[in-house]
>>> print(open('upload-v3.pdb').read())   # PDB, C-alpha atoms
ATOM      1  CA  MET A  83     -11.426 148.285-179.948
ATOM      2  CA  PRO A  84      -7.874 149.226-178.960
ATOM      3  CA  ASP A  85      -5.427 150.086-181.703
ATOM      4  CA  LEU A  86      -2.685 147.527-181.161
ATOM      5  CA  PRO A  87       0.465 147.901-183.239
ATOM      6  CA  HIS A  88       2.413 144.664-183.367
ATOM      7  CA  LYS A  89       5.537 146.537-182.346
ATOM      8  CA  PRO A  90       6.592 150.053-181.362
ATOM      9  CA  ALA A  91       6.592 152.494-184.221
ATOM     10  CA  ALA A  92      10.306 152.961-183.821
ATOM     11  CA  GLY A  93      11.089 149.235-183.660
ATOM     12  CA  VAL A  94      12.004 148.425-180.060
ATOM     13  CA  SER A  95      13.986 145.189-179.929
ATOM     14  CA  ARG A  96      13.999 142.791-176.994
ATOM     15  CA  ARG A  97      17.554 143.820-176.204
ATOM     16  CA  THR A  98      16.550 147.476-176.232
ATOM     17  CA  VAL A  99      13.627 146.761-173.919
ATOM     18  CA  ALA A 100      15.921 144.863-171.555
ATOM     19  CA  ARG A 101      18.386 147.756-171.472
ATOM     20  CA  ALA A 102      15.536 150.208-171.037
ATOM     21  CA  THR A 103      14.093 148.232-168.149
ATOM     22  CA  ALA A 104      17.410 148.180-166.336
ATOM     23  CA  ALA A 105      17.896 151.887-166.920
ATOM     24  CA  ALA A 106      14.350 152.611-165.773
ATOM     25  CA  GLY A 107      14.964 150.794-162.532
ATOM     26  CA  LEU A 108      18.151 152.745-161.921
ATOM     27  CA  ALA A 109      16.496 156.012-162.836
ATOM     28  CA  ALA A 110      13.653 155.354-160.428
ATOM     29  CA  LEU A 111      16.184 154.423-157.766
ATOM     30  CA  PHE A 112      17.879 157.801-158.096
ATOM     31  CA  GLY A 113      14.642 159.764-158.418
ATOM     32  CA  ALA A 114      14.931 160.679-162.072
ATOM     33  CA  THR A 115      11.312 160.014-163.000
ATOM     34  CA  ALA A 116       9.532 162.933-161.384
ATOM     35  CA  GLY A 117       9.731 166.066-159.299
ATOM     36  CA  THR A 118      10.598 166.259-155.645
ATOM     37  CA  ALA A 119       8.425 169.137-154.460
ATOM     38  CA  PRO A 120       7.696 168.858-150.725
ATOM     39  CA  ALA A 121       4.155 168.572-149.433
ATOM     40  CA  ARG A 122       2.673 171.885-148.373
ATOM     41  CA  ALA A 123       0.809 172.740-145.201
ATOM     42  CA  ALA A 124      -2.973 172.487-145.389
ATOM     43  CA  GLY A 125      -4.801 175.689-146.330
ATOM     44  CA  ARG A 126      -6.316 177.652-149.187
ATOM     45  CA  THR A 127      -3.970 178.200-152.129
ATOM     46  CA  GLY A 128      -6.324 180.057-154.454
ATOM     47  CA  ALA A 129      -9.882 181.225-154.988
ATOM     48  CA  ARG A 130     -11.050 177.692-155.805
ATOM     49  CA  THR A 131      -8.114 175.590-154.610
ATOM     50  CA  LEU A 132      -7.446 174.364-151.110
ATOM     51  CA  ASP A 133      -5.471 171.670-149.308
ATOM     52  CA  VAL A 134      -7.298 169.475-146.836
ATOM     53  CA  SER A 135      -5.690 167.229-144.226
ATOM     54  CA  VAL A 136      -7.681 163.988-144.021
ATOM     55  CA  PRO A 137      -7.459 161.830-140.872
ATOM     56  CA  SER A 138      -6.979 158.287-142.170
ATOM     57  CA  ALA A 139      -7.380 155.014-140.307
ATOM     58  CA  ALA A 140      -6.036 153.230-143.401
ATOM     59  CA  LEU A 141      -2.763 155.159-143.235
ATOM     60  CA  GLY A 142      -2.541 155.566-139.474
ATOM     61  CA  ARG A 143      -2.042 159.320-139.917
ATOM     62  CA  SER A 144      -3.536 162.344-141.590
ATOM     63  CA  ALA A 145      -2.720 162.836-145.264
ATOM     64  CA  PRO A 146      -3.242 165.771-147.627
ATOM     65  CA  VAL A 147      -5.651 166.132-150.516
ATOM     66  CA  ARG A 148      -5.663 169.123-152.839
ATOM     67  CA  LEU A 149      -9.124 170.149-154.011
ATOM     68  CA  ILE A 150     -10.296 172.407-156.816
ATOM     69  CA  LEU A 151     -13.894 173.393-156.171
ATOM     70  CA  PRO A 152     -16.450 174.320-158.842
ATOM     71  CA  SER A 153     -16.799 177.967-159.755
ATOM     72  CA  ASP A 154     -20.343 178.113-158.371
ATOM     73  CA  PHE A 155     -19.642 176.065-155.225
ATOM     74  CA  GLY A 156     -20.255 178.979-152.865
ATOM     75  CA  THR A 157     -23.491 180.137-154.519
ATOM     76  CA  ARG A 158     -25.239 176.781-155.045
ATOM     77  CA  PRO A 159     -25.487 175.201-151.571
ATOM     78  CA  GLU A 160     -28.076 172.685-152.757
ATOM     79  CA  LYS A 161     -25.968 171.332-155.610
ATOM     80  CA  ARG A 162     -23.889 168.124-155.599
ATOM     81  CA  TYR A 163     -20.939 167.618-157.922
ATOM     82  CA  PRO A 164     -19.137 164.752-159.675
ATOM     83  CA  VAL A 165     -15.479 164.269-158.787
ATOM     84  CA  LEU A 166     -12.406 163.836-160.969
ATOM     85  CA  TYR A 167      -9.550 162.206-159.054
ATOM     86  CA  LEU A 168      -6.051 162.975-160.380
ATOM     87  CA  LEU A 169      -3.213 160.792-159.085
ATOM     88  CA  HIS A 170       0.465 161.760-158.992
ATOM     89  CA  GLY A 171       3.507 159.733-160.019
ATOM     90  CA  ALA A 172       6.584 158.352-158.284
ATOM     91  CA  HIS A 173       8.718 160.619-156.069
ATOM     92  CA  ASP A 174       6.227 163.456-156.437
ATOM     93  CA  ASP A 175       3.266 164.605-154.381
ATOM     94  CA  TYR A 176      -0.356 165.715-154.382
ATOM     95  CA  THR A 177       0.548 169.199-155.672
ATOM     96  CA  SER A 178       1.958 167.942-158.973
ATOM     97  CA  TRP A 179      -1.129 168.397-161.136
ATOM     98  CA  THR A 180      -1.555 172.052-160.171
ATOM     99  CA  ARG A 181       2.203 172.630-160.422
ATOM    100  CA  GLU A 182       2.672 171.016-163.827
ATOM    101  CA  THR A 183      -0.636 171.670-165.617
ATOM    102  CA  ASP A 184      -3.337 174.303-166.001
ATOM    103  CA  ILE A 185      -5.980 172.070-164.401
ATOM    104  CA  GLU A 186      -7.333 174.985-162.337
ATOM    105  CA  ALA A 187      -8.029 177.118-165.404
ATOM    106  CA  PHE A 188      -9.123 174.095-167.451
ATOM    107  CA  THR A 189     -11.890 173.193-165.005
ATOM    108  CA  ALA A 190     -13.155 176.751-164.436
ATOM    109  CA  GLY A 191     -16.845 176.894-165.311
ATOM    110  CA  ARG A 192     -17.176 173.106-165.350
ATOM    111  CA  ASP A 193     -19.404 171.706-162.645
ATOM    112  CA  LEU A 194     -17.061 169.242-160.978
ATOM    113  CA  ILE A 195     -14.707 168.838-158.043
ATOM    114  CA  VAL A 196     -11.099 167.889-158.748
ATOM    115  CA  ALA A 197      -9.435 165.879-155.972
ATOM    116  CA  MET A 198      -5.691 165.174-155.888
ATOM    117  CA  PRO A 199      -4.981 162.798-152.977
ATOM    118  CA  ASP A 200      -1.625 161.902-151.503
ATOM    119  CA  ALA A 201      -0.125 158.536-152.486
ATOM    120  CA  GLY A 202       3.017 158.670-150.374
ATOM    121  CA  PRO A 203       6.575 159.244-151.566
ATOM    122  CA  THR A 204       6.557 156.305-153.991
ATOM    123  CA  GLY A 205       3.288 157.369-155.611
ATOM    124  CA  ILE A 206       2.089 153.746-155.591
ATOM    125  CA  PRO A 207      -1.485 153.947-154.232
ATOM    126  CA  SER A 208      -1.908 150.362-153.133
ATOM    127  CA  VAL A 209      -2.331 148.205-150.047
ATOM    128  CA  TRP A 210       1.205 147.851-148.784
ATOM    129  CA  ARG A 211       2.296 144.613-147.160
ATOM    130  CA  GLY A 212       1.986 145.250-143.428
ATOM    131  CA  GLY A 213       2.012 148.999-144.051
ATOM    132  CA  PRO A 214      -0.157 151.886-145.241
ATOM    133  CA  ASP A 215      -3.293 151.267-147.275
ATOM    134  CA  TYR A 216      -3.362 154.039-149.867
ATOM    135  CA  GLU A 217      -6.030 152.220-151.842
ATOM    136  CA  THR A 218      -8.585 152.492-149.038
ATOM    137  CA  PHE A 219      -7.526 156.081-148.417
ATOM    138  CA  GLN A 220      -8.133 157.095-152.024
ATOM    139  CA  VAL A 221     -11.106 154.888-152.887
ATOM    140  CA  LYS A 222     -13.115 155.069-149.651
ATOM    141  CA  GLU A 223     -11.887 157.612-147.101
ATOM    142  CA  VAL A 224     -11.405 160.612-149.393
ATOM    143  CA  PRO A 225     -14.742 160.067-151.216
ATOM    144  CA  ALA A 226     -16.497 159.811-147.855
ATOM    145  CA  LEU A 227     -15.028 163.141-146.746
ATOM    146  CA  LEU A 228     -15.953 164.803-150.043
ATOM    147  CA  ALA A 229     -19.514 163.535-149.840
ATOM    148  CA  ARG A 230     -19.857 164.728-146.242
ATOM    149  CA  ASP A 231     -18.137 168.116-146.397
ATOM    150  CA  TYR A 232     -18.006 169.166-150.062
ATOM    151  CA  ARG A 233     -21.300 167.948-151.531
ATOM    152  CA  ALA A 234     -19.689 165.379-153.817
ATOM    153  CA  SER A 235     -22.047 163.072-155.666
ATOM    154  CA  GLY A 236     -21.371 159.400-156.254
ATOM    155  CA  VAL A 237     -20.212 160.036-159.840
ATOM    156  CA  ARG A 238     -16.437 159.679-160.064
ATOM    157  CA  ALA A 239     -13.657 159.338-162.613
ATOM    158  CA  VAL A 240      -9.957 158.752-161.976
ATOM    159  CA  ALA A 241      -6.819 159.491-163.991
ATOM    160  CA  GLY A 242      -3.115 159.397-163.258
ATOM    161  CA  VAL A 243       0.426 159.606-164.573
ATOM    162  CA  SER A 244       3.084 156.884-164.202
ATOM    163  CA  THR A 245       2.434 155.086-160.891
ATOM    164  CA  GLY A 246      -0.695 157.210-160.643
ATOM    165  CA  GLY A 247      -1.782 155.697-163.959
ATOM    166  CA  TYR A 248      -1.279 152.327-162.308
ATOM    167  CA  GLY A 249      -3.470 153.512-159.434
ATOM    168  CA  ALA A 250      -6.238 154.725-161.730
ATOM    169  CA  MET A 251      -6.574 151.371-163.489
ATOM    170  CA  ALA A 252      -5.964 149.289-160.365
ATOM    171  CA  HIS A 253      -8.576 151.202-158.355
ATOM    172  CA  ALA A 254     -11.182 150.887-161.114
ATOM    173  CA  ALA A 255     -10.418 147.192-161.676
ATOM    174  CA  ARG A 256     -10.382 146.248-158.008
ATOM    175  CA  HIS A 257     -13.513 148.266-157.190
ATOM    176  CA  PRO A 258     -15.898 147.714-160.108
ATOM    177  CA  GLY A 259     -18.444 150.481-160.402
ATOM    178  CA  ALA A 260     -16.624 152.894-158.088
ATOM    179  CA  PHE A 261     -15.482 154.986-161.067
ATOM    180  CA  LYS A 262     -17.368 155.770-164.256
ATOM    181  CA  ALA A 263     -14.080 156.267-166.142
ATOM    182  CA  ALA A 264     -10.370 155.612-165.678
ATOM    183  CA  ALA A 265      -7.434 157.036-167.614
ATOM    184  CA  SER A 266      -3.743 156.171-167.524
ATOM    185  CA  TYR A 267      -0.889 158.177-169.008
ATOM    186  CA  SER A 268       2.314 156.079-169.158
ATOM    187  CA  GLY A 269       0.997 153.953-166.292
ATOM    188  CA  VAL A 270       2.274 150.637-164.981
ATOM    189  CA  LEU A 271      -0.529 148.470-166.350
ATOM    190  CA  ASP A 272       0.978 144.992-166.003
ATOM    191  CA  THR A 273       2.994 144.732-162.798
ATOM    192  CA  THR A 274       4.242 141.205-163.567
ATOM    193  CA  ALA A 275       5.434 141.868-167.132
ATOM    194  CA  PRO A 276       9.152 141.116-167.712
ATOM    195  CA  GLY A 277      11.289 143.771-166.033
ATOM    196  CA  VAL A 278       8.400 145.580-164.353
ATOM    197  CA  PRO A 279       8.838 144.035-160.864
ATOM    198  CA  ALA A 280      12.412 145.370-160.880
ATOM    199  CA  ILE A 281      11.104 148.837-161.734
ATOM    200  CA  MET A 282       8.581 148.710-158.906
ATOM    201  CA  ASP A 283      11.222 147.479-156.480
ATOM    202  CA  ALA A 284      13.558 150.293-157.526
ATOM    203  CA  ILE A 285      10.860 152.927-156.962
ATOM    204  CA  VAL A 286      10.324 151.568-153.465
ATOM    205  CA  ALA A 287      14.049 151.373-152.745
ATOM    206  CA  ARG A 288      14.482 154.995-153.889
ATOM    207  CA  GLU A 289      12.524 155.995-150.778
ATOM    208  CA  ASN A 290      14.733 153.847-148.519
ATOM    209  CA  LEU A 291      12.027 151.224-148.057
ATOM    210  CA  PRO A 292      12.532 147.449-148.308
ATOM    211  CA  ALA A 293      11.435 146.224-151.746
ATOM    212  CA  ALA A 294       9.290 143.501-150.182
ATOM    213  CA  SER A 295       7.320 146.087-148.188
ATOM    214  CA  LEU A 296       5.037 146.699-151.179
ATOM    215  CA  TRP A 297       3.640 143.287-152.220
ATOM    216  CA  GLY A 298       6.384 140.957-151.059
ATOM    217  CA  ASN A 299       8.690 138.999-153.319
ATOM    218  CA  PRO A 300       7.431 138.963-156.938
ATOM    219  CA  LEU A 301       8.034 135.208-157.197
ATOM    220  CA  LEU A 302       7.266 133.927-153.704
ATOM    221  CA  ASN A 303       4.258 136.237-153.422
ATOM    222  CA  LEU A 304       3.121 136.060-157.036
ATOM    223  CA  LEU A 305      -0.558 135.733-156.087
ATOM    224  CA  THR A 306      -0.362 139.026-154.200
ATOM    225  CA  TRP A 307       1.345 140.717-157.159
ATOM    226  CA  ARG A 308      -1.418 139.418-159.427
ATOM    227  CA  GLU A 309      -4.092 140.585-157.001
ATOM    228  CA  PHE A 310      -2.917 144.181-157.453
ATOM    229  CA  ASN A 311      -2.149 143.884-161.178
ATOM    230  CA  PRO A 312      -4.481 145.892-163.469
ATOM    231  CA  ARG A 313      -3.998 143.411-166.320
ATOM    232  CA  ALA A 314      -4.800 140.412-164.115
ATOM    233  CA  ARG A 315      -7.871 142.192-162.722
ATOM    234  CA  ALA A 316      -9.017 143.560-166.090
ATOM    235  CA  GLY A 317     -12.416 141.883-165.815
ATOM    236  CA  GLY A 318     -13.317 144.426-163.167
ATOM    237  CA  LEU A 319     -13.012 147.191-165.764
ATOM    238  CA  ARG A 320     -15.997 146.035-167.773
ATOM    239  CA  GLY A 321     -18.516 148.856-167.934
ATOM    240  CA  THR A 322     -15.927 151.544-167.098
ATOM    241  CA  ALA A 323     -14.976 154.061-169.797
ATOM    242  CA  LEU A 324     -11.237 153.613-170.338
ATOM    243  CA  TYR A 325      -8.383 155.617-171.830
ATOM    244  CA  ALA A 326      -4.753 154.484-171.909
ATOM    245  CA  SER A 327      -1.789 156.145-173.603
ATOM    246  CA  GLN A 328       1.847 155.107-173.887
ATOM    247  CA  GLY A 329       4.823 156.108-175.979
ATOM    248  CA  SER A 330       7.437 153.750-177.384
ATOM    249  CA  GLY A 331      10.097 156.081-176.008
ATOM    250  CA  VAL A 332      12.348 155.576-179.010
ATOM    251  CA  GLY A 333      13.364 158.252-181.464
ATOM    252  CA  GLY A 334      11.976 161.155-179.467
ATOM    253  CA  GLY A 335      15.216 163.142-179.500
ATOM    254  CA  GLY A 336      16.543 165.347-176.708
ATOM    255  CA  ASP A 337      17.287 163.933-173.276
ATOM    256  CA  PRO A 338      17.257 160.124-173.718
ATOM    257  CA  LEU A 339      16.309 159.232-170.129
ATOM    258  CA  PRO A 340      12.539 159.967-170.320
ATOM    259  CA  GLY A 341      12.419 157.966-173.541
ATOM    260  CA  ILE A 342      14.244 155.039-171.946
ATOM    261  CA  LEU A 343      11.829 155.036-169.040
ATOM    262  CA  GLU A 344       8.859 155.195-171.393
ATOM    263  CA  SER A 345      10.104 152.335-173.540
ATOM    264  CA  ALA A 346      10.456 150.115-170.469
ATOM    265  CA  LEU A 347       6.694 150.316-169.914
ATOM    266  CA  TRP A 348       5.646 149.916-173.558
ATOM    267  CA  PRO A 349       5.286 146.093-173.444
ATOM    268  CA  SER A 350       3.268 146.362-170.226
ATOM    269  CA  ALA A 351       0.770 148.764-171.793
ATOM    270  CA  GLN A 352       0.531 146.690-174.965
ATOM    271  CA  GLY A 353      -0.188 143.527-172.982
ATOM    272  CA  PHE A 354      -2.852 145.294-170.945
ATOM    273  CA  ALA A 355      -4.606 146.564-174.083
ATOM    274  CA  ARG A 356      -4.466 143.124-175.713
ATOM    275  CA  THR A 357      -6.095 141.597-172.654
ATOM    276  CA  LEU A 358      -8.905 144.163-172.779
ATOM    277  CA  ALA A 359      -9.434 143.432-176.481
ATOM    278  CA  LEU A 360      -9.538 139.657-175.925
ATOM    279  CA  MET A 361     -12.092 140.140-173.145
ATOM    280  CA  GLY A 362     -14.221 142.403-175.321
ATOM    281  CA  ILE A 363     -13.794 145.380-172.985
ATOM    282  CA  PRO A 364     -13.859 148.651-174.983
ATOM    283  CA  ALA A 365     -11.028 151.131-174.449
ATOM    284  CA  THR A 366      -9.684 154.214-176.151
ATOM    285  CA  THR A 367      -5.928 153.852-176.561
ATOM    286  CA  HIS A 368      -3.164 156.023-177.935
ATOM    287  CA  PHE A 369       0.109 154.192-178.517
ATOM    288  CA  TYR A 370       2.579 156.471-180.221
ATOM    289  CA  GLY A 371       6.166 156.345-181.409
ATOM    290  CA  GLY A 372       8.748 158.260-179.406
ATOM    291  CA  GLY A 373       7.579 160.248-176.443
ATOM    292  CA  GLY A 374       8.966 160.356-172.940
ATOM    293  CA  HIS A 375       8.028 159.629-169.364
ATOM    294  CA  ASP A 376       7.331 163.243-168.447
ATOM    295  CA  TRP A 377       4.719 165.972-168.227
ATOM    296  CA  THR A 378       5.548 167.266-171.695
ATOM    297  CA  HIS A 379       3.709 164.247-173.056
ATOM    298  CA  TRP A 380       1.218 163.668-170.244
ATOM    299  CA  LYS A 381      -0.410 167.104-170.539
ATOM    300  CA  PRO A 382      -1.631 166.632-174.130
ATOM    301  CA  GLU A 383      -2.692 163.083-173.290
ATOM    302  CA  PHE A 384      -4.928 164.394-170.521
ATOM    303  CA  THR A 385      -6.487 166.808-173.019
ATOM    304  CA  ALA A 386      -6.995 163.951-175.490
ATOM    305  CA  SER A 387      -8.652 161.838-172.802
ATOM    306  CA  TRP A 388     -10.937 164.613-171.575
ATOM    307  CA  PRO A 389     -13.947 163.684-173.767
ATOM    308  CA  VAL A 390     -13.896 160.178-172.239
ATOM    309  CA  LEU A 391     -13.700 161.574-168.703
ATOM    310  CA  ALA A 392     -16.197 164.383-169.312
ATOM    311  CA  ARG A 393     -18.869 162.090-170.752
ATOM    312  CA  ALA A 394     -18.522 159.764-167.773
ATOM    313  CA  LEU A 395     -18.746 162.663-165.332
ATOM    314  CA  GLY A 396     -21.639 164.298-167.158
ATOM    315  CA  VAL A 397     -19.882 167.643-167.625
ATOM    316  CA  PRO A 398     -19.189 169.686-170.774
ATOM    317  CA  GLU A 399     -16.357 168.520-173.011
TER
END
>>> encode(input="upload-v3.pdb", output="structure tokens")
Amino acid sequence: MPDLPHKPAAGVSRRTVARATAAAGLAALFGATAGTAPARAAGRTGARTLDVSVPSAALGRSAPVRLILPSDFGTRPEKRYPVLYLLHGAHDDYTSWTRETDIEAFTAGRDLIVAMPDAGPTGIPSVWRGGPDYETFQVKEVPALLARDYRASGVRAVAGVSTGGYGAMAHAARHPGAFKAAASYSGVLDTTAPGVPAIMDAIVARENLPAASLWGNPLLNLLTWREFNPRARAGGLRGTALYASQGSGVGGGGDPLPGILESALWPSAQGFARTLALMGIPATTHFYGGGGHDWTHWKPEFTASWPVLARALGVPE
């Protein structure tokens, strides 16, 4: 059962959360939540790592996916491999996991494919209102290509940071059985929680897109917002191994902005975990005091979640 503190370890008041939410929206608007590395041309970037351009009907264009192939991929032509999907956050791109972590070295010798698909400049991998369908791209088109060209099996797990954490839980909830495990690190897990629609709108606006181009107006189109809300679709997560982590963002010291951003999402993560507990859906959670909305905290959370992901994928921990 999830470990559910009644309040953040550092005592986040409602006023603090309100201030944090406003600051988070502004920070997202000005691109303060993540890196801005440009997408790279398709091609091999290392002995096991390559970028593939995937023609996508869902997006109406080709989009990149970075792959890390198993160490024995070239010598075992008969073998099929499980796939770990890693999703990037807002205002970042598909190269972020290899740029910010040691995922290449970490997966060496483990029999799996790592796939890092594009989610667009906002990093929100959803079905946009009258626009691109990143959900279909990530959940159907990329797996189909991997099965056809890279001997991927049907065993999959998905994990992501920030808006990628949203994507991991939303994909698993909206497509029951598609993923054996899902992990979120500081993800947006309740899109209709107080203050969260403003954060989502600000992320969209940061990329010079109309706020309503995602799911429409959060009040007038509430049913659509709920349709893509991991908490509202939590029933679809039954049977999926789950890991969710979130910091309170208070008392972490240093630059206050990552902590402010993290604290804005604390109530959302807490509400999501409570819903899972009430529905009797098991989940491993790590809610901790302090912390920030950045890779400094996401990297150890990925390591902590690895046993959950590895067991689901059937690879060594």
>>> closest_residue(input="upload-v3.pdb", among="A:Thr273, A:Ser135, A:Asn311, A:Thr183", to="Leu227 in chain A", atoms="only C-alpha atoms")
A:Ser135
>>> residues_around(input="upload-v3.pdb", residues="Ser235 in chain A", least_positions_apart="3", cutoff="10 Å", atoms="all atoms listed in the file", output="count of residues only")
13
>>> residues_around(input="upload-v3.pdb", residues="Trp210 in chain A", least_positions_apart="6", cutoff="8 Å", atoms="only C-alpha atoms", output="tab-separated table (two decimals) with C-alpha atoms, keeping the file's coordinate frame")
chain	number	residue	atom	x	y	z
A	216	TYR	CA	-3.36	154.04	-149.87
A	295	SER	CA	7.32	146.09	-148.19
A	296	LEU	CA	5.04	146.70	-151.18
A	297	TRP	CA	3.64	143.29	-152.22
>>> closest_residue(input="upload-v3.pdb", among="A:Phe354, A:Phe155, A:Trp377, A:Tyr176", to="Tyr248 in chain A", atoms="all atoms listed in the file")
A:Phe354
>>> resolve_selection(input="upload-v3.pdb", expression="the PyMOL selection byres ((chain A and resi 249-251) around 10)", output="compact mmCIF listing (two decimals) with C-alpha atoms, in the frame of the given file")
# COMPACT_ATOMS: atom_id res chain seq x y z
CA TYR A 167 -9.55 162.21 -159.05
CA LEU A 168 -6.05 162.98 -160.38
CA LEU A 169 -3.21 160.79 -159.08
CA HIS A 170 0.46 161.76 -158.99
CA GLY A 171 3.51 159.73 -160.02
CA ALA A 201 -0.12 158.54 -152.49
CA GLY A 205 3.29 157.37 -155.61
CA ILE A 206 2.09 153.75 -155.59
CA PRO A 207 -1.48 153.95 -154.23
CA SER A 208 -1.91 150.36 -153.13
CA TYR A 216 -3.36 154.04 -149.87
CA GLU A 217 -6.03 152.22 -151.84
CA GLN A 220 -8.13 157.10 -152.02
CA ALA A 239 -13.66 159.34 -162.61
CA VAL A 240 -9.96 158.75 -161.98
CA ALA A 241 -6.82 159.49 -163.99
CA GLY A 242 -3.12 159.40 -163.26
CA VAL A 243 0.43 159.61 -164.57
CA SER A 244 3.08 156.88 -164.20
CA THR A 245 2.43 155.09 -160.89
CA GLY A 246 -0.70 157.21 -160.64
CA GLY A 247 -1.78 155.70 -163.96
CA TYR A 248 -1.28 152.33 -162.31
CA ALA A 252 -5.96 149.29 -160.36
CA HIS A 253 -8.58 151.20 -158.35
CA ALA A 254 -11.18 150.89 -161.11
CA ALA A 255 -10.42 147.19 -161.68
CA ARG A 256 -10.38 146.25 -158.01
CA HIS A 257 -13.51 148.27 -157.19
CA PHE A 261 -15.48 154.99 -161.07
CA ALA A 263 -14.08 156.27 -166.14
CA ALA A 264 -10.37 155.61 -165.68
CA ALA A 265 -7.43 157.04 -167.61
CA SER A 266 -3.74 156.17 -167.52
CA TYR A 267 -0.89 158.18 -169.01
CA GLY A 269 1.00 153.95 -166.29
CA VAL A 270 2.27 150.64 -164.98
CA LEU A 271 -0.53 148.47 -166.35
CA PHE A 310 -2.92 144.18 -157.45
CA ASN A 311 -2.15 143.88 -161.18
CA PRO A 312 -4.48 145.89 -163.47
CA ARG A 313 -4.00 143.41 -166.32
CA ARG A 315 -7.87 142.19 -162.72
CA ALA A 316 -9.02 143.56 -166.09
CA GLY A 318 -13.32 144.43 -163.17
CA LEU A 319 -13.01 147.19 -165.76
CA LEU A 324 -11.24 153.61 -170.34
CA TYR A 325 -8.38 155.62 -171.83
CA ALA A 326 -4.75 154.48 -171.91
>>> resolve_selection(input="upload-v3.pdb", expression="the PyMOL selection byres ((chain A and resi 175) around 7)", output="PyMOL selection string")
chain A and resi 119+121+170+173-174+176-178+200+203
>>> residues_around(input="upload-v3.pdb", residues="Ala355 in chain A", least_positions_apart="4", cutoff="12 Å", atoms="only C-alpha atoms", output="CSV table (one decimal) with C-alpha atoms, in the coordinates of the input")
chain,number,residue,atom,x,y,z
A,83,MET,CA,-11.4,148.3,-179.9
A,84,PRO,CA,-7.9,149.2,-179.0
A,85,ASP,CA,-5.4,150.1,-181.7
A,86,LEU,CA,-2.7,147.5,-181.2
A,87,PRO,CA,0.5,147.9,-183.2
A,88,HIS,CA,2.4,144.7,-183.4
A,251,MET,CA,-6.6,151.4,-163.5
A,266,SER,CA,-3.7,156.2,-167.5
A,271,LEU,CA,-0.5,148.5,-166.4
A,272,ASP,CA,1.0,145.0,-166.0
A,312,PRO,CA,-4.5,145.9,-163.5
A,313,ARG,CA,-4.0,143.4,-166.3
A,314,ALA,CA,-4.8,140.4,-164.1
A,316,ALA,CA,-9.0,143.6,-166.1
A,319,LEU,CA,-13.0,147.2,-165.8
A,324,LEU,CA,-11.2,153.6,-170.3
A,325,TYR,CA,-8.4,155.6,-171.8
A,326,ALA,CA,-4.8,154.5,-171.9
A,327,SER,CA,-1.8,156.1,-173.6
A,328,GLN,CA,1.8,155.1,-173.9
A,348,TRP,CA,5.6,149.9,-173.6
A,349,PRO,CA,5.3,146.1,-173.4
A,350,SER,CA,3.3,146.4,-170.2
A,351,ALA,CA,0.8,148.8,-171.8
A,359,ALA,CA,-9.4,143.4,-176.5
A,360,LEU,CA,-9.5,139.7,-175.9
A,361,MET,CA,-12.1,140.1,-173.1
A,362,GLY,CA,-14.2,142.4,-175.3
A,363,ILE,CA,-13.8,145.4,-173.0
A,364,PRO,CA,-13.9,148.7,-175.0
A,365,ALA,CA,-11.0,151.1,-174.4
A,366,THR,CA,-9.7,154.2,-176.2
A,367,THR,CA,-5.9,153.9,-176.6
A,368,HIS,CA,-3.2,156.0,-177.9
A,369,PHE,CA,0.1,154.2,-178.5
>>> atom_distance(input="upload-v3.pdb", atom1="CA of Arg130 in chain A", atom2="CA of Ala190 in chain A")
8.9 Å
>>> atom_distance(input="upload-v3.pdb", atom1="CA of Leu347 in chain A", atom2="CA of Ser268 in chain A")
7.3 Å
>>> atom_distance(input="upload-v3.pdb", atom1="CA of Trp307 in chain A", atom2="CA of Leu141 in chain A")
20.5 Å
>>> residues_around(input="upload-v3.pdb", residues="Ala293 in chain A", least_positions_apart="4", cutoff="12 Å", atoms="all atoms listed in the file", output="list in words")
Leu111, Thr204, Trp210, Arg211, Pro279, Ala280, Ile281, Met282, Asp283, Ala284, Ile285, Val286, Ala287, Arg288, Glu289, Trp297, Gly298, Asn299 and Pro300 of chain A
>>> resolve_selection(input="upload-v3.pdb", expression="the PyMOL selection byres ((chain A and resi 392-394) around 9)", output="VMD selection string")
chain A and resid 237 to 239 261 to 263 322 to 323 387 to 391 395 to 399
>>> residues_around(input="upload-v3.pdb", residues="His375 in chain A", least_positions_apart="6", cutoff="8 Å", atoms="all atoms listed in the file", output="JSON, numbers by chain")
{"A": [115, 244, 268, 331, 340, 341, 343, 344]}
>>> closest_residue(input="upload-v3.pdb", among="A:Gly277, A:Gly128, A:Gly212, A:Pro146", to="Ala346 in chain A", atoms="only C-alpha atoms")
A:Gly277
